[in-house]
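Have a look at my_file01.tsv below; it lists TSV, C-alpha atoms and all ligand atoms.
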```
chain	number	residue	atom	x	y	z
A	1	MET	CA	-39.35	-3.76	62.34
A	2	ALA	CA	-36.82	-5.39	60.00
A	3	SER	CA	-39.03	-8.46	59.69
A	4	GLN	CA	-42.07	-6.26	58.87
A	5	PHE	CA	-40.03	-4.53	56.14
A	6	ALA	CA	-38.93	-7.90	54.73
A	7	LEU	CA	-42.56	-9.07	54.74
A	8	LEU	CA	-43.62	-5.89	52.91
A	9	LEU	CA	-40.89	-6.40	50.29
A	10	GLY	CA	-41.96	-10.03	49.86
A	11	LEU	CA	-45.60	-9.03	49.37
A	12	LEU	CA	-44.56	-6.35	46.85
A	13	ALA	CA	-42.50	-8.89	44.91
A	14	ILE	CA	-45.43	-11.32	44.78
A	15	THR	CA	-47.84	-8.55	43.70
A	16	CYS	CA	-45.51	-7.41	40.92
A	17	SER	CA	-44.91	-10.91	39.60
A	18	VAL	CA	-48.67	-11.51	39.46
A	19	ALA	CA	-49.47	-8.15	37.84
A	20	PHE	CA	-46.90	-8.19	35.02
A	21	ALA	CA	-47.05	-11.08	32.61
A	22	SER	CA	-45.13	-9.53	29.72
A	23	ASP	CA	-42.41	-11.34	27.77
A	24	ASN	CA	-38.85	-11.53	29.12
A	25	ASN	CA	-36.17	-9.29	27.61
A	26	PRO	CA	-33.94	-10.95	24.99
A	27	LEU	CA	-30.40	-11.90	25.98
A	28	GLN	CA	-29.02	-11.66	22.40
A	29	ASP	CA	-29.70	-9.64	19.21
A	30	PHE	CA	-32.20	-12.18	17.97
A	31	CYS	CA	-33.31	-15.78	18.44
A	32	VAL	CA	-35.19	-16.73	15.28
A	33	ALA	CA	-37.27	-19.74	16.31
A	34	ASP	CA	-36.19	-23.15	15.10
A	35	ASN	CA	-39.60	-24.65	14.47
A	36	SER	CA	-38.10	-28.07	13.80
A	37	SER	CA	-36.64	-28.40	17.31
A	38	SER	CA	-38.38	-30.78	19.66
A	39	VAL	CA	-36.81	-29.18	22.76
A	40	LEU	CA	-39.47	-27.62	24.99
A	41	VAL	CA	-38.58	-24.33	26.71
A	42	ASN	CA	-40.46	-21.19	27.75
A	43	GLY	CA	-40.53	-19.69	24.23
A	44	LEU	CA	-38.82	-21.42	21.32
A	45	VAL	CA	-35.32	-22.67	20.69
A	46	CYS	CA	-33.07	-20.43	18.51
A	47	LYS	CA	-31.99	-21.33	15.01
A	48	ASP	CA	-28.19	-21.19	14.61
A	49	PRO	CA	-27.54	-17.41	14.20
A	50	LYS	CA	-25.00	-18.14	11.42
A	51	LEU	CA	-27.79	-19.70	9.34
A	52	VAL	CA	-30.19	-16.79	9.86
A	53	GLU	CA	-30.78	-14.67	6.76
A	54	ALA	CA	-32.72	-11.51	5.79
A	55	ASN	CA	-35.78	-13.50	4.74
A	56	ASP	CA	-36.14	-14.78	8.31
A	57	PHE	CA	-37.05	-11.21	9.34
A	58	LEU	CA	-39.71	-10.82	6.65
A	59	PHE	CA	-43.39	-11.77	6.82
A	60	ARG	CA	-45.57	-11.28	3.77
A	61	GLY	CA	-49.34	-11.33	3.33
A	62	LEU	CA	-51.00	-8.80	5.62
A	63	HIS	CA	-52.35	-6.95	2.55
A	64	LEU	CA	-54.83	-9.83	2.13
A	65	ALA	CA	-58.31	-9.21	3.54
A	66	GLY	CA	-59.68	-11.82	5.95
A	67	ASN	CA	-62.94	-13.65	5.25
A	68	THR	CA	-65.60	-12.02	7.44
A	69	SER	CA	-68.45	-14.37	6.41
A	70	ASN	CA	-69.00	-15.83	9.86
A	71	ALA	CA	-71.35	-15.37	12.82
A	72	VAL	CA	-69.54	-12.30	14.20
A	73	GLY	CA	-68.66	-10.62	10.88
A	74	SER	CA	-64.94	-10.17	11.52
A	75	LYS	CA	-61.66	-11.96	10.97
A	76	VAL	CA	-58.47	-11.58	13.04
A	77	ASN	CA	-55.28	-12.59	11.25
A	78	LEU	CA	-52.77	-12.81	14.08
A	79	VAL	CA	-49.11	-12.83	13.13
A	80	ASN	CA	-47.43	-14.28	16.21
A	81	VAL	CA	-44.23	-16.28	16.64
A	82	GLU	CA	-45.88	-19.34	15.13
A	83	GLN	CA	-46.41	-17.62	11.76
A	84	PHE	CA	-43.30	-15.42	12.05
A	85	PRO	CA	-40.43	-17.22	13.86
A	86	ALA	CA	-38.25	-14.05	13.97
A	87	LEU	CA	-40.56	-12.70	16.71
A	88	ASN	CA	-39.20	-15.27	19.17
A	89	THR	CA	-37.92	-13.43	22.32
A	90	LEU	CA	-38.75	-9.98	20.86
A	91	GLY	CA	-41.94	-9.40	22.86
A	92	ILE	CA	-44.04	-8.24	19.93
A	93	SER	CA	-46.60	-9.43	17.38
A	94	MET	CA	-49.32	-7.97	15.20
A	95	ALA	CA	-52.76	-8.57	13.79
A	96	ARG	CA	-54.87	-7.51	10.84
A	97	VAL	CA	-58.56	-7.29	11.70
A	98	ASP	CA	-61.23	-7.09	8.97
A	99	TYR	CA	-64.84	-6.21	9.79
A	100	ALA	CA	-67.95	-6.55	7.65
A	101	PRO	CA	-70.60	-3.82	8.13
A	102	LEU	CA	-71.91	-4.22	11.73
A	103	GLY	CA	-69.26	-6.90	12.33
A	104	ILE	CA	-67.74	-7.24	15.78
A	105	ASN	CA	-64.49	-8.57	17.18
A	106	PRO	CA	-66.25	-10.04	20.23
A	107	PRO	CA	-65.21	-9.42	23.85
A	108	HIS	CA	-61.86	-11.14	24.47
A	109	ILE	CA	-58.62	-10.81	26.39
A	110	HIS	CA	-54.95	-11.24	25.59
A	111	PRO	CA	-53.48	-12.82	28.74
A	112	ARG	CA	-49.92	-11.78	27.87
A	113	ALA	CA	-50.18	-8.51	25.91
A	114	THR	CA	-51.25	-4.92	25.73
A	115	GLU	CA	-52.70	-4.12	22.30
A	116	ILE	CA	-52.39	-0.86	20.34
A	117	LEU	CA	-54.86	-0.62	17.45
A	118	THR	CA	-54.87	1.74	14.44
A	119	VAL	CA	-57.94	2.18	12.26
A	120	ILE	CA	-56.87	1.96	8.61
A	121	GLU	CA	-60.35	2.09	7.04
A	122	GLY	CA	-63.86	2.79	8.34
A	123	SER	CA	-65.17	3.65	11.82
A	124	LEU	CA	-65.04	1.46	14.90
A	125	GLN	CA	-66.59	1.58	18.33
A	126	VAL	CA	-63.99	0.14	20.71
A	127	GLY	CA	-64.12	-0.52	24.42
A	128	PHE	CA	-62.65	-2.26	27.41
A	129	VAL	CA	-63.75	-2.91	31.00
A	130	THR	CA	-61.56	-2.29	34.04
A	131	SER	CA	-60.96	-4.84	36.82
A	132	ASN	CA	-63.29	-5.57	39.77
A	133	PRO	CA	-64.81	-3.97	41.71
A	134	GLU	CA	-65.23	-0.90	39.47
A	135	ASN	CA	-65.75	-2.73	36.13
A	136	ARG	CA	-65.75	0.66	34.46
A	137	PHE	CA	-66.58	0.58	30.75
A	138	ILE	CA	-64.22	2.76	28.70
A	139	THR	CA	-65.42	3.25	25.12
A	140	LYS	CA	-64.68	5.47	22.14
A	141	LEU	CA	-65.73	5.98	18.54
A	142	LEU	CA	-62.68	5.78	16.27
A	143	GLN	CA	-62.18	7.06	12.73
A	144	LYS	CA	-59.53	6.28	10.13
A	145	GLY	CA	-56.08	7.11	11.54
A	146	ASP	CA	-57.14	6.94	15.19
A	147	VAL	CA	-55.06	4.85	17.60
A	148	PHE	CA	-56.44	3.20	20.75
A	149	VAL	CA	-54.78	1.07	23.42
A	150	PHE	CA	-56.26	-1.91	25.26
A	151	PRO	CA	-54.32	-2.53	28.51
A	152	MET	CA	-52.94	-6.03	29.12
A	153	GLY	CA	-55.42	-8.65	30.28
A	154	LEU	CA	-58.58	-6.50	30.13
A	155	ILE	CA	-61.75	-7.57	28.30
A	156	HIS	CA	-62.07	-5.54	25.09
A	157	PHE	CA	-63.92	-5.52	21.75
A	158	GLN	CA	-64.39	-3.61	18.51
A	159	ARG	CA	-67.52	-3.04	16.42
A	160	ASN	CA	-67.78	-1.70	12.88
A	161	VAL	CA	-70.23	1.20	13.07
A	162	GLY	CA	-69.62	2.51	9.54
A	163	HIS	CA	-71.54	1.71	6.35
A	164	GLY	CA	-68.77	-0.20	4.57
A	165	ASN	CA	-66.07	-2.66	5.57
A	166	ALA	CA	-63.55	-1.61	8.21
A	167	LEU	CA	-59.90	-2.52	8.69
A	168	ALA	CA	-57.56	-2.19	11.68
A	169	ILE	CA	-53.96	-3.14	12.35
A	170	SER	CA	-52.89	-3.95	15.90
A	171	ALA	CA	-49.52	-4.39	17.54
A	172	LEU	CA	-49.34	-6.58	20.66
A	173	SER	CA	-46.64	-6.62	23.32
A	174	SER	CA	-45.93	-10.36	23.27
A	175	GLN	CA	-44.60	-12.82	20.70
A	176	ASN	CA	-47.56	-15.01	21.76
A	177	PRO	CA	-50.30	-12.75	23.19
A	178	GLY	CA	-52.97	-15.45	23.34
A	179	ILE	CA	-56.65	-14.76	22.67
A	180	ILE	CA	-59.43	-15.86	25.03
A	181	THR	CA	-62.84	-15.07	23.55
A	182	ILE	CA	-65.10	-14.78	26.57
A	183	ALA	CA	-68.25	-16.39	25.12
A	184	ASN	CA	-66.32	-19.31	23.59
A	185	ALA	CA	-64.32	-19.93	26.76
A	186	VAL	CA	-67.32	-19.77	29.11
A	187	PHE	CA	-70.03	-21.44	26.99
A	188	GLY	CA	-67.88	-23.53	24.65
A	189	SER	CA	-65.26	-25.10	26.92
A	190	LYS	CA	-64.46	-28.78	26.41
A	191	PRO	CA	-65.62	-30.48	28.53
A	192	ALA	CA	-68.42	-28.03	29.34
A	193	ILE	CA	-68.58	-26.12	32.63
A	194	SER	CA	-71.73	-27.34	34.41
A	195	SER	CA	-74.84	-25.39	33.43
A	196	ASP	CA	-75.84	-25.26	37.14
A	197	LEU	CA	-72.64	-23.43	37.93
A	198	LEU	CA	-73.03	-21.04	34.97
A	199	SER	CA	-76.68	-20.49	35.82
A	200	LYS	CA	-75.63	-19.33	39.29
A	201	ALA	CA	-72.65	-17.31	38.01
A	202	PHE	CA	-74.70	-15.45	35.39
A	203	GLN	CA	-77.88	-15.36	37.53
A	204	ALA	CA	-79.75	-16.72	34.51
A	205	ASP	CA	-82.22	-19.53	34.00
A	206	LYS	CA	-80.57	-22.90	33.28
A	207	ASN	CA	-82.47	-23.21	29.96
A	208	ILE	CA	-80.84	-20.00	28.75
A	209	ILE	CA	-77.41	-21.37	29.70
A	210	VAL	CA	-78.06	-24.69	27.92
A	211	ARG	CA	-79.09	-22.72	24.82
A	212	MET	CA	-75.96	-20.58	25.03
A	213	GLU	CA	-73.81	-23.71	25.36
A	214	SER	CA	-75.40	-25.19	22.25
A	215	GLN	CA	-74.36	-22.08	20.26
A	216	PHE	CA	-70.67	-22.55	20.97
B	301	LIG	C1	-57.18	-8.42	18.12
B	301	LIG	O1	-57.05	-9.21	18.96
B	301	LIG	C2	-57.85	-7.20	18.32
B	301	LIG	O2	-58.47	-7.00	19.40
B	301	LIG	O3	-57.80	-6.37	17.40
B	302	MN	MN	-57.59	-7.77	21.05
```
Rewrite the structure from the file as structure tokens, please.
Ligand code: GLV
Ligand code: MN
Amino acid sequence: MASQFALLLGLLAITCSVAFASDNNPLQDFCVADNSSSVLVNGLVCKDPKLVEANDFLFRGLHLAGNTSNAVGSKVNLVNVEQFPALNTLGISMARVDYAPLGINPPHIHPRATEILTVIEGSLQVGFVTSNPENRFITKLLQKGDVFVFPMGLIHFQRNVGHGNALAISALSSQNPGIITIANAVFGSKPAISSDLLSKAFQADKNIIVRMESQF
């Protein structure tokens, strides 16, 4: 009985550690990253706290619109710990997303963060898909001022469905949320995943796969 209970606890511990990939809690007030350090740790080494000043906690520039002249018609300006060293250990980051008319932020995941998005300008269709086996598609039409949340690790997207440009600001629950754009990762990996394998995975003709791979 005791051994069964221990086994159950062990399985629970494994399940929890797999399911939650959020950042660790800080062990001090702050740990502004020292970008010049060559020491490699999980996160970034702290600058000497005595040398930290107010400007370290300031990031400027998110008023600037991103250039949306590209194939998808959107631009994500992610402010993570790389651009803003004060975020180190704080478990948070943000992004400005600009969309041209009909522009999309294509299906992607953040392996380490939940994302909460606010529409500042325009109207967006947003959506995410739940895990297997349901793969339920949750979608909503958002207007200026609306807030939507994309749970950690799920495939999600946004599409500008208004007539003009659209703008959104997102907060993400990691200093380094990561972005994996599905199409780029699957069809544009280096080296390429074999087209035979992708043909079987997507149940699509190999010529279609080869064409997809040439796009990315
Ligand atoms: C950014 O990653 C976003 O989905 O808005
Ligand atoms: Mn996102």
Exercise. Can you list, as a VMD selection string, every protein, DNA or RNA residue that comes within 10 Å of region 112-120 of chain A when you count only C-alpha atoms, leaving out same-chain residues fewer than 5 positions away?
Worked result: chain A and resid 20 to 23 91 to 97 126 142 to 154 156 166 to 179
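When only C-alpha atoms and all ligand atoms are used to compute distances to ligand MN 302 (chain B), the closest of the residues A:Asp34, A:His108, A:Ala54, A:Asn88 turns out to be A:His108.
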For this session: Considering all atoms listed in the file, state which residue in the set A:Val76, A:Ala185, A:Leu90, A:Ala201 is at the smallest distance from ligand LIG 301 (chain B).
Result: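 The closest residue to ligand LIG 301 (chain B) is A:Val76.
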Problem set entry | Coordinates-based distance that separates CA of Val41 (chain A) from CA of Ile180 (chain A) (Å, one decimal) | 22.6 Å
Problem set entry | For Asn135 (chain A), the nearest of the candidates A:Ile155, A:Lys190, A:Pro106, A:Asn42, counting all atoms listed in the file | A:Ile155
Exercise. Restricting the calculation to all atoms listed in the file, which member of A:Val79, A:Val210, A:Val186, A:Ala204 is positioned closest to ligand LIG 301 (chain B)?
Worked result: A:Val79
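One finds CA of Thr139 (chain A) at 16.2 Å from CA of Gly162 (chain A).
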Exercise. Taking all atoms listed in the file into account, which of A:Val45, A:Leu102, A:Leu87, A:Leu58 comes nearest Ala71 (chain A)?
Worked result: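 Closest candidate: A:Leu102.
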For this session: Considering all atoms listed in the file, state which residue in the set A:Phe59, A:Phe30, A:Phe137, A:Phe157 is at the smallest distance from ligand LIG 301 (chain B).
Result: A:Phe157
For this session: Work out how far apart CA of Asp56 (chain A) and CA of Ala33 (chain A) are and give it in Å to one decimal.
Result: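 Taking CA of Asp56 (chain A) and CA of Ala33 (chain A), their separation equals 9.5 Å.
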Given 4 Å of margin on each side, can you work out the centre and size in Å (one decimal) of an axis-aligned box holding every listed atom of ligand LIG 301 (chain B), as AutoDock Vina command-line options?
```
--center_x -57.8 --center_y -7.8 --center_z 18.4 --size_x 9.4 --size_y 10.8 --size_z 10.0
```
For this session: May I have the residues within 10 Å of region 35-37 of chain A as a list of chain:residue names, using only C-alpha atoms and disregarding those fewer than 2 positions away in the same chain?
Result: A:Val32, A:Ala33, A:Val39, A:Leu40, A:Leu44, A:Val45, A:Cys46, A:Lys47, A:Val81, A:Glu82, A:Pro85
